[in-house]
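Since the structure comes first, as structure tokens, the remarks are kept for the end.
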There are 2 protein chains.
Amino acid sequence: MLNLVRSDAIAYLGGMKPLFHPDIDDVAPADIFAALADPIRLGILVALSDATEMDKARCSNFVGLASPSLLSYHFAKLREAGITHMRVEGTSRYLSIRRADLDRRFPGLLDSVIEAAQRDPSLPRVPEPAQAKG
Amino acid sequence: MLNLVRSDAIAYLGGMKPLFHPDIDDVAPADIFAALADPIRLGILVALSDATEMDKARCSNFVGLASPSLLSYHFAKLREAGITHMRVEGTSRYLSIRRADLDRRFPGLLDSVIEAAQRDPSLPRVPEPAQAKG
DNA sequence: CGATTAATTCAATGATCATTGAATTTCGAA
DNA sequence: TTCGAAATTCAATGATCATTGAATTAATCG
């Protein structure tokens, strides 16, 4: 059973279940706002928005924000709302913001959201990883 | 009791209870997004955004969107989130978007929100009032 | 293989939300 | 003063949400 074709197999490479990412055209504005209506998720978004190094986009780097199971819950909310993409690599997962999709569908929205969130001092912050001894 | 000074009295002119409008600096981004996470409220916002004539900003003009009591509920959500202002005049109330406040505190956000909502065909629309016989 | 690490799933909890309908308030007009 | 229109308040409902902790899955490394 399951009988995969090649494109399916690629989606499974290194993963357990197929991760659902909605088509951006199926995402309604109200869905986006619902996903943004939580300080932990806004904290994740802000952290992602200035994650230049890949390490900072790994799920395990957000442990400062909430417990693992709660983080999973919030990751799923962001992903199912079309805001983030999740890529599986071995035992780790990496998040990214779906910038191109969001900018095309909701021009200007993402930038102003991130700017607003960045300036909010009440949002939880992801701590910088301790610098490896050099 | 109550012992009003003049500025309080003005707030009461024509009204029953003092309408609470939060200081825009007390409004967190997550509060804004929570208020926007509902299609009826987005419908109200869109209708307000192109309400040039005062008639279109009167509460009673939104009856097409929901029942009176449900509308009251949604009006309060928008007002308490700092998105709208409500003015009492006789037996009517008038809504307006707190544009200047929002633009100062969350630059660019309101415009992109309205643009996104305007393009969403799934949002409920406020019907144009029937043209008076001419 | 067994242990470890990364992350999810599941069931249970209390809190908040959207909706309804009935009762109430307020104002203005007859 | 009584009536009607405008709008809110209140109590009740079911639905969804955020959170917790325990159990589970999956990949990697010894």
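For the structure tokens, the naming scheme is as follows: chains receive sequential letters (A, B, ...) according to their order of presentation, residues are indexed from 1 within each chain, and ligands are indexed from 1 in presentation order.
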Give me, as a list in words, all polymer residues having an atom no more than 12 Å from C:DA22, counting only C-alpha atoms (C1' of nucleotides) and skipping those fewer than 2 positions away in the same chain.
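Here the qualifying residues turn out to be Ser69 of chain B; DT20 and DT24 of chain C; DT9, DC10, DA11 and DA12 of chain D.
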Could you write those residues out with C-alpha atoms (C1' of nucleotides), as a PDB file, in the first residue's frame?
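The result, stored in again-v9.pdb:
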ATOM      1  CA  SER B  69     -26.515  41.688  19.424  1.00  0.00           C
TER       2      SER B  69
ATOM      3  C1'  DT C  20     -28.418  33.095  19.879  1.00  0.00           C
ATOM      4  C1'  DT C  24     -32.931  46.142  28.987  1.00  0.00           C
TER       5       DT C  24
ATOM      6  C1'  DT D   9     -26.334  43.583  28.096  1.00  0.00           C
ATOM      7  C1'  DC D  10     -26.939  39.086  29.924  1.00  0.00           C
ATOM      8  C1'  DA D  11     -27.168  34.124  30.298  1.00  0.00           C
ATOM      9  C1'  DA D  12     -26.610  30.015  27.918  1.00  0.00           C
TER      10       DA D  12
END
Would you kindly report the residues of chain B within 8 Å of chain D, using only C-alpha atoms (C1' of nucleotides), as a PyMOL selection string?
chain B and resi 60+68-69+72+91-92
Chain C contacts to chain B at 10 Å (only C-alpha atoms (C1' of nucleotides)) as a PyMOL selection string
chain C and resi 18-21+25-28
Writer output for current selection, N, CA, C and O atoms (P, O5', C5', C4', C3', O3' and C1' of nucleotides), as a CSV table (one decimal), in the first residue's frame:
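To be explicit, this is the file written out as part20.csv:
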chain,number,residue,atom,x,y,z
C,18,DA,P,-14.4,35.7,18.5
C,18,DA,O5',-15.7,34.9,18.0
C,18,DA,C5',-15.6,33.7,17.2
C,18,DA,C4',-16.9,33.2,16.9
C,18,DA,C3',-17.9,34.2,16.4
C,18,DA,O3',-18.7,33.5,15.4
C,18,DA,C1',-18.8,33.2,18.4
C,19,DT,P,-19.8,34.3,14.5
C,19,DT,O5',-21.1,33.9,15.3
C,19,DT,C5',-21.4,32.5,15.4
C,19,DT,C4',-22.7,32.3,16.3
C,19,DT,C3',-23.8,33.3,16.0
C,19,DT,O3',-24.9,32.6,15.4
C,19,DT,C1',-23.5,32.9,18.4
C,20,DT,P,-26.2,33.3,15.0
C,20,DT,O5',-27.2,33.1,16.2
C,20,DT,C5',-27.3,31.8,16.8
C,20,DT,C4',-28.3,31.8,17.9
C,20,DT,C3',-29.5,32.8,17.8
C,20,DT,O3',-30.7,32.0,17.8
C,20,DT,C1',-28.4,33.1,19.9
C,21,DG,P,-32.1,32.6,17.4
C,21,DG,O5',-32.7,33.1,18.8
C,21,DG,C5',-32.7,32.2,19.9
C,21,DG,C4',-33.1,33.0,21.1
C,21,DG,C3',-34.2,34.0,20.9
C,21,DG,O3',-35.1,34.0,22.0
C,21,DG,C1',-32.4,35.1,21.9
C,25,DT,P,-32.8,48.5,32.5
C,25,DT,O5',-32.1,49.5,31.5
C,25,DT,C5',-30.7,49.3,31.3
C,25,DT,C4',-30.3,50.3,30.2
C,25,DT,C3',-30.8,51.7,30.4
C,25,DT,O3',-29.6,52.5,30.2
C,25,DT,C1',-31.4,50.9,28.2
C,26,DT,P,-29.7,54.1,30.8
C,26,DT,O5',-29.7,55.0,29.5
C,26,DT,C5',-29.0,54.6,28.4
C,26,DT,C4',-29.6,55.2,27.1
C,26,DT,C3',-30.2,56.6,27.4
C,26,DT,O3',-29.3,57.6,26.9
C,26,DT,C1',-31.5,55.3,25.9
C,27,DC,P,-29.7,59.2,27.0
C,27,DC,O5',-30.4,59.5,25.6
C,27,DC,C5',-29.8,59.1,24.4
C,27,DC,C4',-30.8,59.2,23.3
C,27,DC,C3',-31.5,60.6,23.3
C,27,DC,O3',-31.3,61.2,22.0
C,27,DC,C1',-33.1,58.8,23.1
C,28,DG,P,-31.7,62.7,21.8
C,28,DG,O5',-32.9,62.6,20.9
C,28,DG,C5',-32.8,61.8,19.7
C,28,DG,C4',-34.2,61.5,19.2
C,28,DG,C3',-35.1,62.8,19.0
C,28,DG,O3',-35.8,62.7,17.8
C,28,DG,C1',-36.2,61.2,20.4
Quick one: which residues from chain B are at most 6 Å off chain A, using only C-alpha atoms, as a PDB file with N, CA, C and O atoms, in the first residue's frame?
ATOM      1  N   ALA B  30      -0.442  41.432  19.137  1.00  0.00           N
ATOM      2  CA  ALA B  30      -1.274  40.223  19.221  1.00  0.00           C
ATOM      3  C   ALA B  30      -2.746  40.583  19.442  1.00  0.00           C
ATOM      4  O   ALA B  30      -3.635  39.868  18.953  1.00  0.00           O
ATOM      5  N   PHE B  33      -4.185  41.530  16.029  1.00  0.00           N
ATOM      6  CA  PHE B  33      -4.410  40.375  15.164  1.00  0.00           C
ATOM      7  C   PHE B  33      -5.578  39.531  15.646  1.00  0.00           C
ATOM      8  O   PHE B  33      -6.344  39.005  14.829  1.00  0.00           O
ATOM      9  N   ALA B  34      -5.737  39.440  16.950  1.00  0.00           N
ATOM     10  CA  ALA B  34      -6.891  38.695  17.470  1.00  0.00           C
ATOM     11  C   ALA B  34      -8.194  39.359  17.012  1.00  0.00           C
ATOM     12  O   ALA B  34      -9.154  38.679  16.637  1.00  0.00           O
ATOM     13  N   LEU B  36      -8.617  40.998  14.346  1.00  0.00           N
ATOM     14  CA  LEU B  36      -8.769  40.867  12.892  1.00  0.00           C
ATOM     15  C   LEU B  36      -9.044  39.430  12.469  1.00  0.00           C
ATOM     16  O   LEU B  36      -9.292  39.164  11.287  1.00  0.00           O
ATOM     17  N   ALA B  37      -9.016  38.519  13.418  1.00  0.00           N
ATOM     18  CA  ALA B  37      -9.123  37.093  13.083  1.00  0.00           C
ATOM     19  C   ALA B  37     -10.560  36.625  12.962  1.00  0.00           C
ATOM     20  O   ALA B  37     -10.885  35.504  13.342  1.00  0.00           O
ATOM     21  N   ASP B  38     -11.413  37.469  12.435  1.00  0.00           N
ATOM     22  CA  ASP B  38     -12.824  37.095  12.280  1.00  0.00           C
ATOM     23  C   ASP B  38     -13.389  37.748  11.034  1.00  0.00           C
ATOM     24  O   ASP B  38     -13.218  38.964  10.837  1.00  0.00           O
ATOM     25  N   PHE B 106       1.711  51.360  14.291  1.00  0.00           N
ATOM     26  CA  PHE B 106       2.030  50.184  13.460  1.00  0.00           C
ATOM     27  C   PHE B 106       2.135  50.600  12.000  1.00  0.00           C
ATOM     28  O   PHE B 106       1.229  50.320  11.201  1.00  0.00           O
ATOM     29  N   GLY B 108       2.194  51.154   8.277  1.00  0.00           N
ATOM     30  CA  GLY B 108       1.951  50.301   7.117  1.00  0.00           C
ATOM     31  C   GLY B 108       0.998  49.160   7.354  1.00  0.00           C
ATOM     32  O   GLY B 108       0.461  48.589   6.406  1.00  0.00           O
ATOM     33  N   LEU B 109       0.757  48.846   8.620  1.00  0.00           N
ATOM     34  CA  LEU B 109      -0.039  47.651   8.905  1.00  0.00           C
ATOM     35  C   LEU B 109      -1.485  47.801   8.436  1.00  0.00           C
ATOM     36  O   LEU B 109      -2.016  46.931   7.731  1.00  0.00           O
ATOM     37  N   SER B 112      -2.065  47.524   4.618  1.00  0.00           N
ATOM     38  CA  SER B 112      -1.910  46.188   4.031  1.00  0.00           C
ATOM     39  C   SER B 112      -3.010  45.247   4.513  1.00  0.00           C
ATOM     40  O   SER B 112      -3.451  44.361   3.781  1.00  0.00           O
ATOM     41  N   ALA B 116      -5.560  43.490   1.929  1.00  0.00           N
ATOM     42  CA  ALA B 116      -5.740  42.033   1.924  1.00  0.00           C
ATOM     43  C   ALA B 116      -7.210  41.681   2.097  1.00  0.00           C
ATOM     44  O   ALA B 116      -7.751  40.820   1.397  1.00  0.00           O
TER      45      ALA B 116
END
Stretch 40-76 of chain A: residues DSSP assigns to alpha helix (DSSP H), reported as a PyMOL selection string:
chain A and resi 40-49+68-76
Go through chain B and collect every residue that DSSP, computed from the backbone, puts in strand (DSSP E or B); the answer should be as a ChimeraX atom specification.
/B:58,84-89,92-97
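Rounded to one decimal, atom CA of A:Pro124 and atom CA of A:Val63 lie 11.4 Å from each other.
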